[in-house]
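What's in run.cif: mmCIF, C-alpha atoms
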```
data_entry
#
loop_
_atom_site.label_atom_id
_atom_site.label_comp_id
_atom_site.auth_asym_id
_atom_site.auth_seq_id
_atom_site.Cartn_x
_atom_site.Cartn_y
_atom_site.Cartn_z
CA MET A 1 140.44 96.82 93.74
CA LEU A 2 139.20 97.76 90.23
CA LEU A 3 137.73 94.27 89.86
CA ARG A 4 135.82 94.71 93.12
CA VAL A 5 134.46 98.07 91.98
CA PHE A 6 133.46 96.62 88.59
CA SER A 7 131.73 93.65 90.24
CA ALA A 8 129.88 95.93 92.62
CA CYS A 9 128.67 98.04 89.69
CA VAL A 10 127.50 94.96 87.81
CA PHE A 11 125.53 93.72 90.82
CA ALA A 12 124.08 97.20 91.39
CA VAL A 13 122.89 97.45 87.78
CA ALA A 14 121.48 93.91 87.93
CA GLY A 15 119.68 94.81 91.13
CA LEU A 16 118.13 97.89 89.52
CA ALA A 17 117.05 95.85 86.50
CA HIS A 18 115.42 93.27 88.77
CA ALA A 19 113.63 95.96 90.76
CA ALA A 20 112.38 97.55 87.53
CA ASP A 21 111.07 94.13 86.43
CA GLU A 22 108.94 93.72 89.55
CA LEU A 23 105.23 94.47 89.38
CA ALA A 24 103.48 95.00 92.71
CA LEU A 25 99.70 94.55 92.57
CA SER A 26 97.03 94.36 95.26
CA LEU A 27 94.07 91.98 94.87
CA GLY A 28 90.88 92.31 96.92
CA THR A 29 88.95 89.09 97.59
CA ALA A 30 86.20 88.66 100.23
CA THR A 31 85.57 87.19 103.68
CA PRO A 32 87.12 83.84 104.73
CA GLY A 33 85.20 80.68 103.92
CA GLY A 34 83.96 81.67 100.48
CA GLY A 35 85.17 80.93 96.98
CA PHE A 36 86.78 84.33 96.41
CA ALA A 37 89.25 83.96 99.28
CA VAL A 38 90.30 80.53 97.99
CA TYR A 39 90.55 81.71 94.39
CA GLY A 40 92.61 84.79 95.24
CA GLN A 41 95.10 82.80 97.26
CA GLY A 42 95.34 80.23 94.47
CA VAL A 43 96.10 82.94 91.91
CA ALA A 44 98.87 84.34 94.11
CA GLU A 45 100.45 80.90 94.46
CA VAL A 46 100.48 79.95 90.78
CA LEU A 47 101.68 83.36 89.60
CA ARG A 48 104.91 82.87 91.55
CA ASP A 49 105.94 80.27 88.98
CA ALA A 50 104.36 81.88 85.92
CA ASP A 51 105.93 85.31 86.54
CA PRO A 52 108.04 85.58 89.72
CA GLY A 53 108.32 89.34 89.21
CA ILE A 54 104.62 89.88 89.94
CA LYS A 55 104.17 90.47 93.65
CA LEU A 56 100.49 89.94 94.37
CA ASP A 57 99.27 91.26 97.72
CA VAL A 58 96.02 89.39 98.44
CA ARG A 59 93.74 91.36 100.75
CA GLY A 60 90.56 90.14 102.44
CA THR A 61 87.58 92.49 102.05
CA LYS A 62 83.86 92.44 102.76
CA GLY A 63 83.30 91.17 99.23
CA SER A 64 82.07 92.32 95.83
CA ARG A 65 79.99 95.24 97.08
CA GLU A 66 83.02 96.80 98.79
CA ASN A 67 85.52 95.89 96.08
CA ILE A 68 84.16 98.13 93.32
CA PRO A 69 84.40 101.37 95.35
CA LEU A 70 87.88 100.31 96.53
CA LEU A 71 88.91 100.01 92.88
CA ALA A 72 87.34 103.35 92.03
CA ALA A 73 89.23 105.01 94.89
CA GLY A 74 92.52 103.45 93.77
CA LYS A 75 92.85 101.50 97.03
CA LEU A 76 93.06 98.21 95.12
CA ASP A 77 94.68 97.43 91.79
CA LEU A 78 92.60 94.31 91.18
CA ALA A 79 89.52 92.80 92.81
CA LEU A 80 87.22 89.82 92.51
CA VAL A 81 83.63 90.83 91.83
CA GLU A 82 80.48 88.77 91.27
CA GLY A 83 78.36 89.50 88.21
CA THR A 84 75.25 90.90 89.91
CA ILE A 85 77.34 93.63 91.52
CA VAL A 86 78.94 94.41 88.15
CA GLN A 87 75.44 94.72 86.70
CA GLU A 88 74.35 96.99 89.56
CA ALA A 89 77.24 99.33 88.77
CA LEU A 90 76.33 99.32 85.08
CA ASP A 91 72.69 100.10 85.90
CA LYS A 92 73.78 103.04 88.07
CA GLY A 93 76.21 104.31 85.46
CA SER A 94 79.09 104.14 87.95
CA VAL A 95 81.54 102.16 85.82
CA GLU A 96 84.91 102.87 87.39
CA PHE A 97 86.62 99.57 86.60
CA LYS A 98 87.84 97.40 83.74
CA VAL A 99 87.55 93.64 83.18
CA VAL A 100 90.85 91.76 83.32
CA ALA A 101 89.60 88.16 83.29
CA ALA A 102 86.58 85.95 83.77
CA MET A 103 86.94 83.84 86.91
CA TYR A 104 84.15 81.28 86.71
CA SER A 105 80.39 80.97 86.42
CA SER A 106 78.35 80.97 89.62
CA PRO A 107 75.28 78.75 89.35
CA GLY A 108 73.29 79.52 92.50
CA MET A 109 71.45 77.03 94.69
CA PHE A 110 70.50 76.24 98.27
CA VAL A 111 72.03 73.45 100.33
CA VAL A 112 70.12 71.72 103.15
CA ARG A 113 70.84 68.72 105.31
CA ALA A 114 70.04 65.49 103.48
CA ASP A 115 67.66 64.45 106.28
CA SER A 116 65.64 67.68 106.11
CA PRO A 117 62.11 67.82 104.64
CA TYR A 118 62.94 70.75 102.33
CA ARG A 119 62.94 70.01 98.61
CA SER A 120 61.96 73.28 96.92
CA ILE A 121 62.42 77.02 97.32
CA ALA A 122 58.77 77.25 98.45
CA ASP A 123 59.53 74.77 101.26
CA LEU A 124 62.06 77.25 102.67
CA LYS A 125 59.54 80.08 102.99
CA GLY A 126 59.35 81.27 106.59
CA ARG A 127 62.48 79.29 107.51
CA ARG A 128 65.81 80.51 108.78
CA VAL A 129 67.97 80.72 105.66
CA ILE A 130 71.55 81.96 105.44
CA PHE A 131 71.95 84.08 102.31
CA GLY A 132 75.66 84.79 102.82
CA ALA A 133 77.80 87.74 103.80
CA ALA A 134 76.29 91.22 103.71
CA GLY A 135 78.74 92.52 101.10
CA SER A 136 78.75 89.43 98.89
CA GLY A 137 77.54 89.39 95.32
CA LEU A 138 76.24 85.87 95.89
CA THR A 139 73.89 87.29 98.52
CA THR A 140 72.57 89.76 95.96
CA LEU A 141 72.14 86.89 93.49
CA GLY A 142 70.12 84.97 96.08
CA GLY A 143 67.85 87.96 96.56
CA LEU A 144 67.26 88.23 92.81
CA VAL A 145 66.51 84.51 92.49
CA VAL A 146 63.83 84.48 95.19
CA ASP A 147 62.47 87.79 93.86
CA GLY A 148 62.11 86.17 90.47
CA VAL A 149 59.81 83.51 91.94
CA GLY A 150 57.69 86.09 93.75
CA LEU A 151 59.33 86.03 97.17
CA ASP A 152 61.15 88.67 99.20
CA MET A 153 64.44 87.67 100.82
CA ASN A 154 63.82 89.82 103.91
CA LYS A 155 60.06 89.37 104.29
CA ASP A 156 59.41 85.77 103.29
CA PHE A 157 62.43 84.19 105.01
CA ASP A 158 64.13 84.54 108.35
CA ALA A 159 67.12 85.75 106.37
CA VAL A 160 70.57 85.63 107.97
CA LEU A 161 73.53 87.70 106.76
CA LEU A 162 76.95 86.79 108.12
CA GLU A 163 80.16 88.62 108.86
CA SER A 164 82.05 85.69 107.34
CA VAL A 165 80.76 82.98 104.99
CA LYS A 166 82.70 80.30 106.87
CA ASP A 167 80.17 80.62 109.72
CA GLY A 168 77.32 79.36 107.52
CA PRO A 169 77.85 75.59 107.14
CA PRO A 170 78.05 74.85 110.89
CA GLN A 171 74.65 76.47 111.43
CA VAL A 172 73.03 74.23 108.81
CA ILE A 173 74.82 71.14 110.13
CA ASP A 174 73.69 71.90 113.70
CA GLY A 175 70.11 72.56 112.63
CA LYS A 176 70.22 76.25 113.57
CA ALA A 177 69.40 77.18 109.97
CA ALA A 178 67.33 75.34 107.38
CA ALA A 179 69.47 76.21 104.38
CA LEU A 180 72.49 78.03 103.06
CA TRP A 181 72.52 79.89 99.74
CA GLY A 182 75.66 79.89 97.63
CA GLY A 183 77.04 79.47 94.15
CA GLY A 184 79.87 78.16 92.03
CA LEU A 185 81.31 74.74 91.29
CA GLY A 186 83.58 73.78 94.16
CA TRP A 187 82.07 76.44 96.47
CA PRO A 188 83.50 75.80 99.98
CA GLY A 189 80.19 76.37 101.78
CA PHE A 190 78.52 73.55 99.88
CA HIS A 191 81.39 71.21 100.65
CA GLY A 192 81.21 72.28 104.30
CA VAL A 193 77.59 71.19 104.68
CA ALA A 194 78.14 68.01 102.63
CA LYS A 195 80.90 66.94 105.02
CA GLY A 196 78.52 67.06 107.99
CA PRO A 197 77.24 63.79 109.50
CA ALA A 198 73.80 64.17 107.85
CA GLY A 199 75.19 64.92 104.39
CA ALA A 200 73.62 67.41 101.99
CA ARG A 201 70.86 67.89 99.46
CA PHE A 202 70.79 70.72 96.91
CA ILE A 203 67.83 72.82 95.83
CA GLY A 204 67.58 74.89 92.66
CA PRO A 205 64.59 76.57 91.00
CA SER A 206 62.13 74.51 88.98
CA GLU A 207 61.89 74.94 85.19
CA SER A 208 58.93 77.30 85.54
CA GLU A 209 60.77 79.25 88.24
CA ILE A 210 63.87 79.55 86.03
CA ALA A 211 61.69 80.99 83.26
CA ALA A 212 60.15 83.50 85.69
CA ILE A 213 63.55 84.54 87.07
CA LEU A 214 65.03 85.09 83.61
CA ALA A 215 61.94 87.00 82.50
CA LYS A 216 62.35 89.44 85.39
CA HIS A 217 66.17 89.59 85.55
CA GLY A 218 67.32 89.15 81.98
CA PHE A 219 71.03 89.62 82.63
CA LEU A 220 71.14 86.37 84.61
CA LYS A 221 72.07 83.22 82.71
CA ARG A 222 70.70 79.70 82.72
CA LEU A 223 73.41 77.50 84.25
CA ALA A 224 73.72 73.95 85.51
CA VAL A 225 75.63 72.21 88.28
CA PRO A 226 76.74 68.87 86.80
CA ALA A 227 75.84 65.69 88.67
CA GLY A 228 78.45 64.71 91.23
CA SER A 229 79.89 68.20 91.59
CA PHE A 230 79.36 67.89 95.35
CA PRO A 231 78.93 64.91 97.70
CA GLY A 232 75.25 64.03 97.95
CA GLN A 233 74.41 65.44 94.51
CA PRO A 234 73.60 62.46 92.22
CA ASP A 235 71.69 64.58 89.68
CA ALA A 236 72.45 67.77 87.80
CA VAL A 237 70.89 70.90 89.28
CA GLN A 238 69.40 73.33 86.76
CA THR A 239 69.51 76.93 87.92
CA VAL A 240 70.55 80.47 87.06
CA GLY A 241 73.61 82.53 87.87
CA THR A 242 76.26 84.93 86.71
CA TRP A 243 79.96 85.11 85.89
CA SER A 244 82.46 86.48 88.38
CA PHE A 245 85.37 88.61 87.22
CA ILE A 246 88.80 89.89 88.07
CA LEU A 247 88.38 93.64 87.69
CA SER A 248 91.01 96.38 87.75
CA ARG A 249 90.99 100.02 88.77
CA PRO A 250 90.17 102.08 85.67
CA ASP A 251 93.65 103.64 85.43
CA LEU A 252 95.71 100.46 85.81
CA PRO A 253 98.52 100.86 83.23
CA GLY A 254 98.14 98.84 80.05
CA ASP A 255 101.48 97.09 80.44
CA ALA A 256 100.54 95.96 83.96
CA ALA A 257 97.20 94.54 82.81
CA TYR A 258 98.87 92.86 79.82
CA ARG A 259 101.52 91.24 82.00
CA PHE A 260 99.02 90.04 84.60
CA ALA A 261 96.72 88.57 81.93
CA LYS A 262 99.63 86.81 80.27
CA ALA A 263 100.84 85.32 83.57
CA LEU A 264 97.32 84.25 84.54
CA HIS A 265 96.86 82.50 81.19
CA ARG A 266 100.17 80.67 81.62
CA ALA A 267 99.23 79.68 85.17
CA GLN A 268 95.64 78.66 84.40
CA PRO A 269 96.28 74.88 84.12
CA ALA A 270 98.02 74.89 87.51
CA LEU A 271 95.23 77.02 88.99
CA ALA A 272 92.59 74.59 87.69
CA GLN A 273 94.41 71.75 89.46
CA LYS A 274 94.10 73.66 92.73
CA ILE A 275 90.57 75.01 92.23
CA SER A 276 88.15 73.05 90.04
CA GLN A 277 86.09 76.04 88.92
CA ALA A 278 89.26 77.74 87.62
CA ALA A 279 88.95 75.44 84.62
CA GLU A 280 86.64 78.21 83.38
CA SER A 281 89.26 80.95 83.81
CA THR A 282 90.13 81.06 80.12
CA PRO A 283 90.71 83.88 77.61
CA GLU A 284 87.75 82.64 75.56
CA ASN A 285 85.40 82.83 78.57
CA THR A 286 86.64 86.32 79.30
CA LEU A 287 85.41 87.38 75.86
CA VAL A 288 82.15 85.40 76.08
CA SER A 289 81.16 86.68 79.53
CA LEU A 290 81.89 90.40 79.06
CA PRO A 291 78.84 92.45 80.07
CA ARG A 292 79.94 95.06 77.51
CA PRO A 293 82.85 94.98 75.03
CA ASP A 294 84.15 98.40 76.16
CA LEU A 295 84.71 97.09 79.70
CA LEU A 296 87.68 94.93 78.63
CA HIS A 297 90.95 96.51 79.76
CA PRO A 298 92.94 97.69 76.71
CA GLY A 299 96.07 95.94 77.96
CA VAL A 300 94.16 92.67 78.22
CA ALA A 301 92.58 93.23 74.81
CA ARG A 302 96.10 93.56 73.37
CA TYR A 303 97.13 90.24 74.92
CA LEU A 304 93.98 88.40 73.79
CA THR A 305 94.47 89.69 70.24
CA GLU A 306 98.10 88.58 70.36
CA ILE A 307 97.16 84.98 71.23
CA GLY A 308 94.21 84.89 68.83
CA ALA A 309 91.55 84.36 71.48
CA LYS A 310 88.00 84.22 70.10
CA LYS A 311 84.49 84.00 71.51
#
```
Rewritten as structure tokens:
Amino acid sequence: MLLRVFSACVFAVAGLAHAADELALSLGTATPGGGFAVYGQGVAEVLRDADPGIKLDVRGTKGSRENIPLLAAGKLDLALVEGTIVQEALDKGSVEFKVVAAMYSSPGMFVVRADSPYRSIADLKGRRVIFGAAGSGLTTLGGLVVDGVGLDMNKDFDAVLLESVKDGPPQVIDGKAAALWGGGLGWPGFHGVAKGPAGARFIGPSESEIAAILAKHGFLKRLAVPAGSFPGQPDAVQTVGTWSFILSRPDLPGDAAYRFAKALHRAQPALAQKISQAAESTPENTLVSLPRPDLLHPGVARYLTEIGAKK
């Protein structure tokens, strides 16, 4: 009888210790069919091996524009946010978040059917162009890119905004839209169009257009999409873009941020095998891409210092 009582106590204490070791976190992503939804699910899968105690609840949202206020309201612990939306918040002075990790760079470009006559941004003027989901940071990036070359997304194009990014590629494949805007190596929308029977061709700004864009929107960065990144892309595409981030609510405890960052770093090789652009999800890129040094979460800063990460 005493043995049974002792055993029960041991199991009860072990159970309490296990419960105390668990870390429940929510992660906001975006609409289905885009890179954020894929990335968020990939993070959840690889963290199960890196730190089984982290229970990551991946939640679909309307995208970057919704994710920042959800963090500020404490309705999400973590969220994926594209760089133009981060910059918007900085410009407005509404910085109610911290940076936990850099996800990947997002070089922006248009994709058209390979048999279409469109070969430049100017060729798309007046055409039906899908710029993405209404709440997506990539959509904001597209607006800045065309603004930088002297065009207005809403006035100079028959601009389409979607409820879900996954609805974009079929419209280009079927000829209902001339082009789809997107960004990021491995972006699902680009692959979707490339898999169509006509194949795909990719359009970025010219060298003079890149200079004009960067002159007007200096926080954007010159980026390139290496040749062969997508089917039907024999040459590198020079363009501009931003970095996307994993952000946290401003009051996420330091130990929680430290533990998540540590698990993500351990899981990064496995994540990169699942998602090609996650090869950029490194501690060094987190430091390099920070919009401002004070935005780095203190718990993450402690971990990066511990491993000796440098710019």
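Residues matched by the PyMOL selection byres ((chain A and resi 300) around 8) in this file: Val100, Gly254, Ala257, Tyr258, Ala261, Leu296, His297, Pro298, Gly299, Ala301, Arg302, Tyr303 and Leu304 of chain A.
Straight-line separation from CA of Lys221 in chain A to CA of Gly241 in chain A: 5.4 Å.
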List, as a ChimeraX atom specification, every residue that the PyMOL selection byres ((chain A and resi 239) around 10) selects in the file provided.
/A:106-109,145,203-207,209-211,213,221-225,236-238,240-241
Evaluate the PyMOL selection byres ((chain A and resi 188) around 9) on the structure here and hand back the selected residues as a PyMOL selection string.
chain A and resi 33-35+38+166+186-187+189-193
How about saving the chosen residues, C-alpha atoms kept, as a short mmCIF file (atom, residue, chain, number, x, y, z; two decimals), in the frame of the given file?
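Written output follows (out39.cif):
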```cif
data_model
loop_
_atom_site.label_atom_id
_atom_site.label_comp_id
_atom_site.auth_asym_id
_atom_site.auth_seq_id
_atom_site.Cartn_x
_atom_site.Cartn_y
_atom_site.Cartn_z
CA GLY A 33 85.20 80.68 103.92
CA GLY A 34 83.96 81.67 100.48
CA GLY A 35 85.17 80.93 96.98
CA VAL A 38 90.30 80.53 97.99
CA LYS A 166 82.70 80.30 106.87
CA GLY A 186 83.58 73.78 94.16
CA TRP A 187 82.07 76.44 96.47
CA GLY A 189 80.19 76.37 101.78
CA PHE A 190 78.52 73.55 99.88
CA HIS A 191 81.39 71.21 100.65
CA GLY A 192 81.21 72.28 104.30
CA VAL A 193 77.59 71.19 104.68
#
```
Just want the 8 Å neighbourhood of Ala177 in chain A, counted on all atoms listed in the file, with same-chain residues fewer than 5 positions away dropped. Output as a short mmCIF file (atom, residue, chain, number, x, y, z; two decimals) with C-alpha atoms, keeping the file's coordinate frame.
```
data_model
loop_
_atom_site.label_atom_id
_atom_site.label_comp_id
_atom_site.auth_asym_id
_atom_site.auth_seq_id
_atom_site.Cartn_x
_atom_site.Cartn_y
_atom_site.Cartn_z
CA ARG A 127 62.48 79.29 107.51
CA ARG A 128 65.81 80.51 108.78
CA VAL A 129 67.97 80.72 105.66
CA ILE A 130 71.55 81.96 105.44
CA GLN A 171 74.65 76.47 111.43
CA VAL A 172 73.03 74.23 108.81
#
```
Neighbours of range 112-122 of chain A within 8 Å (all atoms listed in the file; same-chain residues fewer than 4 positions away dropped), as JSON, numbers by chain?
{"A": [146, 172, 173, 178, 179, 180, 193, 194, 198, 199, 200, 201, 202, 203, 204, 205, 232]}
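Rounded to one decimal, CA of Phe110 in chain A and CA of Val288 in chain A lie 26.7 Å from each other.
You can rank A:Asp167, A:Asp294, A:Asp57, A:Glu66 by their closest distance to Val99 in chain A using all atoms listed in the file, and at the top of that list sits A:Asp294.
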So, counting only C-alpha atoms, which residue among A:Val149, A:Leu80, A:Val95, A:Ala24 is closest to Gln41 in chain A?
A:Leu80
From the list A:Glu163, A:Gly148, A:Ala133, A:Ser208, which residue is nearest Trp181 in chain A when using all atoms listed in the file?
A:Ala133
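Shortest separation to Asp147 in chain A among A:Leu161, A:Glu284, A:Ala212, A:Gly168 occurs at residue A:Ala212, atoms counted being only C-alpha atoms.
In terms of minimum interatomic distance to Gly137 in chain A, A:Thr31 ranks closest within A:Thr305, A:Ser94, A:Thr31, A:Gln233, counting only C-alpha atoms.
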Is it possible to add N, CA and C atoms to range 117-144 of chain A and hand it back as a PDB file, keeping the file's coordinate frame?
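Below is the file result34.pdb, written as the result:
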```
ATOM      1  N   PRO A 117      63.294  68.022 105.496  1.00  0.00           N
ATOM      2  CA  PRO A 117      62.110  67.820 104.640  1.00  0.00           C
ATOM      3  C   PRO A 117      62.050  68.784 103.454  1.00  0.00           C
ATOM      4  N   TYR A 118      63.021  69.685 103.332  1.00  0.00           N
ATOM      5  CA  TYR A 118      62.940  70.750 102.330  1.00  0.00           C
ATOM      6  C   TYR A 118      63.445  70.266 100.963  1.00  0.00           C
ATOM      7  N   ARG A 119      62.582  70.471  99.941  1.00  0.00           N
ATOM      8  CA  ARG A 119      62.940  70.010  98.610  1.00  0.00           C
ATOM      9  C   ARG A 119      62.685  71.055  97.514  1.00  0.00           C
ATOM     10  N   SER A 120      62.212  72.221  97.886  1.00  0.00           N
ATOM     11  CA  SER A 120      61.960  73.280  96.920  1.00  0.00           C
ATOM     12  C   SER A 120      62.180  74.631  97.579  1.00  0.00           C
ATOM     13  N   ILE A 121      62.264  75.671  96.766  1.00  0.00           N
ATOM     14  CA  ILE A 121      62.420  77.020  97.320  1.00  0.00           C
ATOM     15  C   ILE A 121      61.190  77.364  98.157  1.00  0.00           C
ATOM     16  N   ALA A 122      60.000  76.966  97.701  1.00  0.00           N
ATOM     17  CA  ALA A 122      58.770  77.250  98.450  1.00  0.00           C
ATOM     18  C   ALA A 122      58.801  76.616  99.840  1.00  0.00           C
ATOM     19  N   ASP A 123      59.437  75.443  99.957  1.00  0.00           N
ATOM     20  CA  ASP A 123      59.530  74.770 101.260  1.00  0.00           C
ATOM     21  C   ASP A 123      60.322  75.594 102.271  1.00  0.00           C
ATOM     22  N   LEU A 124      61.195  76.465 101.777  1.00  0.00           N
ATOM     23  CA  LEU A 124      62.060  77.250 102.670  1.00  0.00           C
ATOM     24  C   LEU A 124      61.390  78.541 103.136  1.00  0.00           C
ATOM     25  N   LYS A 125      60.237  78.853 102.592  1.00  0.00           N
ATOM     26  CA  LYS A 125      59.540  80.080 102.990  1.00  0.00           C
ATOM     27  C   LYS A 125      59.238  80.065 104.480  1.00  0.00           C
ATOM     28  N   GLY A 126      59.555  81.156 105.148  1.00  0.00           N
ATOM     29  CA  GLY A 126      59.350  81.270 106.590  1.00  0.00           C
ATOM     30  C   GLY A 126      60.437  80.629 107.427  1.00  0.00           C
ATOM     31  N   ARG A 127      61.405  79.978 106.785  1.00  0.00           N
ATOM     32  CA  ARG A 127      62.480  79.290 107.510  1.00  0.00           C
ATOM     33  C   ARG A 127      63.706  80.190 107.669  1.00  0.00           C
ATOM     34  N   ARG A 128      64.550  79.797 108.571  1.00  0.00           N
ATOM     35  CA  ARG A 128      65.810  80.510 108.780  1.00  0.00           C
ATOM     36  C   ARG A 128      66.790  80.080 107.681  1.00  0.00           C
ATOM     37  N   VAL A 129      67.116  81.012 106.808  1.00  0.00           N
ATOM     38  CA  VAL A 129      67.970  80.720 105.660  1.00  0.00           C
ATOM     39  C   VAL A 129      69.145  81.679 105.656  1.00  0.00           C
ATOM     40  N   ILE A 130      70.343  81.140 105.504  1.00  0.00           N
ATOM     41  CA  ILE A 130      71.550  81.960 105.440  1.00  0.00           C
ATOM     42  C   ILE A 130      71.807  82.322 103.982  1.00  0.00           C
ATOM     43  N   PHE A 131      71.759  83.616 103.691  1.00  0.00           N
ATOM     44  CA  PHE A 131      71.950  84.080 102.310  1.00  0.00           C
ATOM     45  C   PHE A 131      73.385  84.515 102.036  1.00  0.00           C
ATOM     46  N   GLY A 132      74.256  84.463 103.047  1.00  0.00           N
ATOM     47  CA  GLY A 132      75.660  84.790 102.820  1.00  0.00           C
ATOM     48  C   GLY A 132      76.120  86.008 103.586  1.00  0.00           C
ATOM     49  N   ALA A 133      77.245  86.554 103.164  1.00  0.00           N
ATOM     50  CA  ALA A 133      77.800  87.740 103.800  1.00  0.00           C
ATOM     51  C   ALA A 133      77.126  88.990 103.240  1.00  0.00           C
ATOM     52  N   ALA A 134      77.032  90.018 104.085  1.00  0.00           N
ATOM     53  CA  ALA A 134      76.290  91.220 103.710  1.00  0.00           C
ATOM     54  C   ALA A 134      76.835  91.877 102.447  1.00  0.00           C
ATOM     55  N   GLY A 135      78.150  91.849 102.249  1.00  0.00           N
ATOM     56  CA  GLY A 135      78.740  92.520 101.100  1.00  0.00           C
ATOM     57  C   GLY A 135      78.979  91.622  99.901  1.00  0.00           C
ATOM     58  N   SER A 136      78.451  90.411  99.946  1.00  0.00           N
ATOM     59  CA  SER A 136      78.750  89.430  98.890  1.00  0.00           C
ATOM     60  C   SER A 136      77.809  89.569  97.703  1.00  0.00           C
ATOM     61  N   GLY A 137      78.360  89.417  96.513  1.00  0.00           N
ATOM     62  CA  GLY A 137      77.540  89.390  95.320  1.00  0.00           C
ATOM     63  C   GLY A 137      76.641  88.176  95.270  1.00  0.00           C
ATOM     64  N   LEU A 138      77.079  87.063  95.847  1.00  0.00           N
ATOM     65  CA  LEU A 138      76.240  85.870  95.890  1.00  0.00           C
ATOM     66  C   LEU A 138      74.967  86.122  96.686  1.00  0.00           C
ATOM     67  N   THR A 139      75.070  86.943  97.727  1.00  0.00           N
ATOM     68  CA  THR A 139      73.890  87.290  98.520  1.00  0.00           C
ATOM     69  C   THR A 139      72.909  88.077  97.659  1.00  0.00           C
ATOM     70  N   THR A 140      73.424  89.006  96.876  1.00  0.00           N
ATOM     71  CA  THR A 140      72.570  89.760  95.960  1.00  0.00           C
ATOM     72  C   THR A 140      71.917  88.830  94.945  1.00  0.00           C
ATOM     73  N   LEU A 141      72.687  87.873  94.422  1.00  0.00           N
ATOM     74  CA  LEU A 141      72.140  86.890  93.490  1.00  0.00           C
ATOM     75  C   LEU A 141      70.997  86.117  94.136  1.00  0.00           C
ATOM     76  N   GLY A 142      71.170  85.697  95.383  1.00  0.00           N
ATOM     77  CA  GLY A 142      70.120  84.970  96.080  1.00  0.00           C
ATOM     78  C   GLY A 142      68.843  85.786  96.197  1.00  0.00           C
ATOM     79  N   GLY A 143      69.011  87.083  96.475  1.00  0.00           N
ATOM     80  CA  GLY A 143      67.850  87.960  96.560  1.00  0.00           C
ATOM     81  C   GLY A 143      67.122  88.073  95.230  1.00  0.00           C
ATOM     82  N   LEU A 144      67.869  88.138  94.132  1.00  0.00           N
ATOM     83  CA  LEU A 144      67.260  88.230  92.810  1.00  0.00           C
ATOM     84  C   LEU A 144      66.533  86.933  92.440  1.00  0.00           C
TER      85      LEU A 144
END
```
